[in-house]
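S.K.: So that we are looking at the same thing, I have put the structure below in structure tokens.
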Amino acid sequence: MWIDSWMIAVLIMMTLCGAMGGAGLKFYATSRKRLHVLIGLGFYGTGALLNIVLLKFLPLTVVLPANALTYVWTLIIARWAFKETVGPMRWIGVICIMGGLCLLVL
């Protein structure tokens with residue numbers, strides 16, 4: 001099965017939206033600003049819509065496992081935006097996730 005580059009771009013955007021949704025809710029939990037929860041839910045909704053679009057063109061066995069990329073984005077966002085400590089085992093986990101995704105998608 002051949003996956004076009006636009007499908008990979010949409011997969012990346014879908015997973016990034018999922019991670020940004022979680023970040024928006026984390027921002028809300030600490031700030032209690034309604035805007036943050038709306039942004040978080042908006043990102044989650046956008047990610048869900050992109051998921052539906054992808055399922056029209058790709059098998060479930062590609063789209064659903066590709067959601068694992070959300071964990072990678074979440075780790076990067078947690079490190080960058082929330083200044084959380086990310087240990088070496090988590091980075092090794094990111095490498096494993098990326099390797100598995102390459103086997104599934106490419």
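Residue numbering restarts at 1 for every chain of the structure tokens, chains are lettered A, B, ... in their displayed order, and ligands are numbered from 1 as they appear.
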Within 12 Å of Val72 in chain A, counting only C-alpha atoms, which residues show up once you throw out same-chain ones fewer than 6 positions away? Write them as a list in words, please.
M.R.: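 Those residues are Ile12, Thr15, Leu16, Gly18, Ala19, Met20, Ala66, Ala78, Arg79, Val86, Arg90, Trp91, Ile92, Gly93, Val94, Ile95, Cys96, Ile97, Met98, Gly99 and Leu101 of chain A.
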S.K.: Take the selection from the previous step and output its residues with N, CA and C atoms, as a compact mmCIF listing (two decimals), in the first residue's frame.
M.R.:
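Contents of the output file part.txt:
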# COMPACT_ATOMS: atom_id res chain seq x y z
N ILE A 12 0.36 13.51 10.67
CA ILE A 12 1.16 14.31 11.60
C ILE A 12 0.29 15.39 12.24
N THR A 15 -2.17 13.93 14.88
CA THR A 15 -1.55 13.60 16.15
C THR A 15 -1.10 14.85 16.90
N LEU A 16 -0.65 15.85 16.18
CA LEU A 16 -0.27 17.10 16.82
C LEU A 16 -1.49 17.78 17.46
N GLY A 18 -4.08 16.24 18.66
CA GLY A 18 -4.37 15.49 19.88
C GLY A 18 -3.49 15.92 21.04
N ALA A 19 -2.20 16.09 20.76
CA ALA A 19 -1.28 16.52 21.81
C ALA A 19 -1.56 17.96 22.25
N MET A 20 -1.89 18.82 21.31
CA MET A 20 -2.20 20.21 21.65
C MET A 20 -3.51 20.29 22.44
N ALA A 66 -0.98 4.92 14.21
CA ALA A 66 -0.28 6.19 14.00
C ALA A 66 -0.59 7.20 15.10
N ALA A 78 5.41 18.82 26.66
CA ALA A 78 5.61 18.84 28.11
C ALA A 78 6.99 19.41 28.46
N ARG A 79 7.98 19.03 27.69
CA ARG A 79 9.35 19.52 27.93
C ARG A 79 9.45 21.01 27.62
N VAL A 86 12.30 15.27 31.27
CA VAL A 86 12.10 14.08 30.43
C VAL A 86 13.38 13.26 30.51
N ARG A 90 12.41 7.80 28.57
CA ARG A 90 11.30 8.33 27.76
C ARG A 90 11.77 8.66 26.35
N TRP A 91 12.98 9.19 26.23
CA TRP A 91 13.51 9.46 24.89
C TRP A 91 13.73 8.16 24.12
N ILE A 92 14.16 7.10 24.82
CA ILE A 92 14.29 5.80 24.17
C ILE A 92 12.92 5.31 23.72
N GLY A 93 11.90 5.55 24.55
CA GLY A 93 10.53 5.21 24.15
C GLY A 93 10.10 5.94 22.89
N VAL A 94 10.48 7.22 22.78
CA VAL A 94 10.17 8.00 21.58
C VAL A 94 10.83 7.37 20.36
N ILE A 95 12.08 6.95 20.50
CA ILE A 95 12.79 6.31 19.39
C ILE A 95 12.08 5.02 18.97
N CYS A 96 11.63 4.25 19.95
CA CYS A 96 10.91 3.00 19.65
C CYS A 96 9.59 3.30 18.93
N ILE A 97 8.86 4.30 19.40
CA ILE A 97 7.59 4.67 18.76
C ILE A 97 7.84 5.10 17.32
N MET A 98 8.85 5.94 17.11
CA MET A 98 9.14 6.43 15.76
C MET A 98 9.54 5.27 14.83
N GLY A 99 10.33 4.34 15.36
CA GLY A 99 10.71 3.18 14.56
C GLY A 99 9.50 2.34 14.17
N LEU A 101 6.40 3.35 13.96
CA LEU A 101 5.57 4.12 13.01
C LEU A 101 6.15 4.06 11.60
S.K.: Would you mind listing what lies within 12 Å of range 60-64 of chain A as a list in words, with only C-alpha atoms counted and same-chain residues fewer than 5 positions away left out?
M.R.: Met1, Trp2, Ile3, Met7, Ile8, Val10, Leu11, Ile12, Met14, Thr15, Gly47, Ala48, Leu50, Asn51, Ile52, Val53, Leu54, Leu55, Leu69, Thr70, Gly100, Leu101, Cys102, Leu103, Leu104, Val105 and Leu106 of chain A
S.K.: Those residues you just picked out, can you put them in a file as a CSV table (one decimal), in the first residue's frame with N, CA and C atoms?
M.R.:
chain,number,residue,atom,x,y,z
A,1,MET,N,0.8,-1.2,0.0
A,1,MET,CA,0.0,0.0,0.0
A,1,MET,C,0.9,1.2,0.0
A,2,TRP,N,0.6,2.2,-0.9
A,2,TRP,CA,1.3,3.4,-1.0
A,2,TRP,C,0.6,4.5,-0.2
A,3,ILE,N,1.3,5.2,0.6
A,3,ILE,CA,0.7,6.4,1.3
A,3,ILE,C,1.3,7.7,0.7
A,7,MET,N,-1.1,12.4,2.9
A,7,MET,CA,-1.7,11.6,4.0
A,7,MET,C,-0.8,11.6,5.2
A,8,ILE,N,0.5,11.5,5.0
A,8,ILE,CA,1.5,11.6,6.1
A,8,ILE,C,1.4,12.9,6.8
A,10,VAL,N,-1.2,14.8,7.0
A,10,VAL,CA,-2.5,14.9,7.7
A,10,VAL,C,-2.3,14.0,9.0
A,11,LEU,N,-1.7,12.8,8.9
A,11,LEU,CA,-1.4,12.0,10.0
A,11,LEU,C,-0.6,12.8,11.1
A,12,ILE,N,0.4,13.5,10.7
A,12,ILE,CA,1.2,14.3,11.6
A,12,ILE,C,0.3,15.4,12.2
A,14,MET,N,-3.0,15.4,12.6
A,14,MET,CA,-4.0,14.7,13.5
A,14,MET,C,-3.4,14.5,14.9
A,15,THR,N,-2.2,13.9,14.9
A,15,THR,CA,-1.6,13.6,16.2
A,15,THR,C,-1.1,14.9,16.9
A,47,GLY,N,-8.5,17.2,15.6
A,47,GLY,CA,-7.8,15.9,15.5
A,47,GLY,C,-8.8,14.8,15.1
A,48,ALA,N,-9.9,14.8,15.8
A,48,ALA,CA,-10.9,13.7,15.5
A,48,ALA,C,-11.4,13.8,14.1
A,50,LEU,N,-9.8,15.1,11.5
A,50,LEU,CA,-8.7,14.6,10.6
A,50,LEU,C,-8.6,13.1,10.6
A,51,ASN,N,-8.9,12.5,11.8
A,51,ASN,CA,-8.9,11.0,11.9
A,51,ASN,C,-10.0,10.5,11.0
A,52,ILE,N,-11.1,11.0,11.0
A,52,ILE,CA,-12.2,10.6,10.1
A,52,ILE,C,-11.8,10.7,8.6
A,53,VAL,N,-11.2,11.8,8.3
A,53,VAL,CA,-10.8,12.0,6.9
A,53,VAL,C,-9.8,10.9,6.5
A,54,LEU,N,-8.8,10.7,7.3
A,54,LEU,CA,-7.8,9.7,7.0
A,54,LEU,C,-8.4,8.3,6.9
A,55,LEU,N,-9.4,8.0,7.7
A,55,LEU,CA,-10.0,6.6,7.6
A,55,LEU,C,-10.7,6.4,6.3
A,69,LEU,N,2.0,8.6,17.7
A,69,LEU,CA,2.8,9.8,17.5
A,69,LEU,C,2.3,10.9,18.4
A,70,THR,N,1.1,10.8,18.9
A,70,THR,CA,0.6,11.8,19.9
A,70,THR,C,1.5,11.8,21.1
A,100,GLY,N,8.6,2.1,15.1
A,100,GLY,CA,7.4,1.3,14.8
A,100,GLY,C,6.5,2.0,13.8
A,101,LEU,N,6.4,3.4,14.0
A,101,LEU,CA,5.6,4.1,13.0
A,101,LEU,C,6.2,4.1,11.6
A,102,CYS,N,7.5,4.1,11.5
A,102,CYS,CA,8.1,4.0,10.2
A,102,CYS,C,7.8,2.7,9.5
A,103,LEU,N,7.8,1.6,10.3
A,103,LEU,CA,7.4,0.3,9.8
A,103,LEU,C,6.0,0.2,9.4
A,104,LEU,N,5.1,0.9,10.1
A,104,LEU,CA,3.7,0.9,9.7
A,104,LEU,C,3.3,1.7,8.5
A,105,VAL,N,3.9,2.9,8.5
A,105,VAL,CA,3.4,4.0,7.6
A,105,VAL,C,4.2,4.0,6.3
A,106,LEU,N,5.5,3.8,6.4
A,106,LEU,CA,6.3,4.0,5.2
A,106,LEU,C,6.5,2.7,4.4
S.K.: Provide the CA of Pro88 in chain A to CA of Ala29 in chain A distance in Å, to one decimal place.
M.R.: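 Separating CA of Pro88 in chain A from CA of Ala29 in chain A is a distance of 27.1 Å.
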S.K.: Using the chain letters and numbers from this document, which residues of chain A does DSSP assign to helix (DSSP H, G or I), as a PyMOL selection string?
M.R.: chain A and resi 5-31+34-57+60-66+69-81+88-105
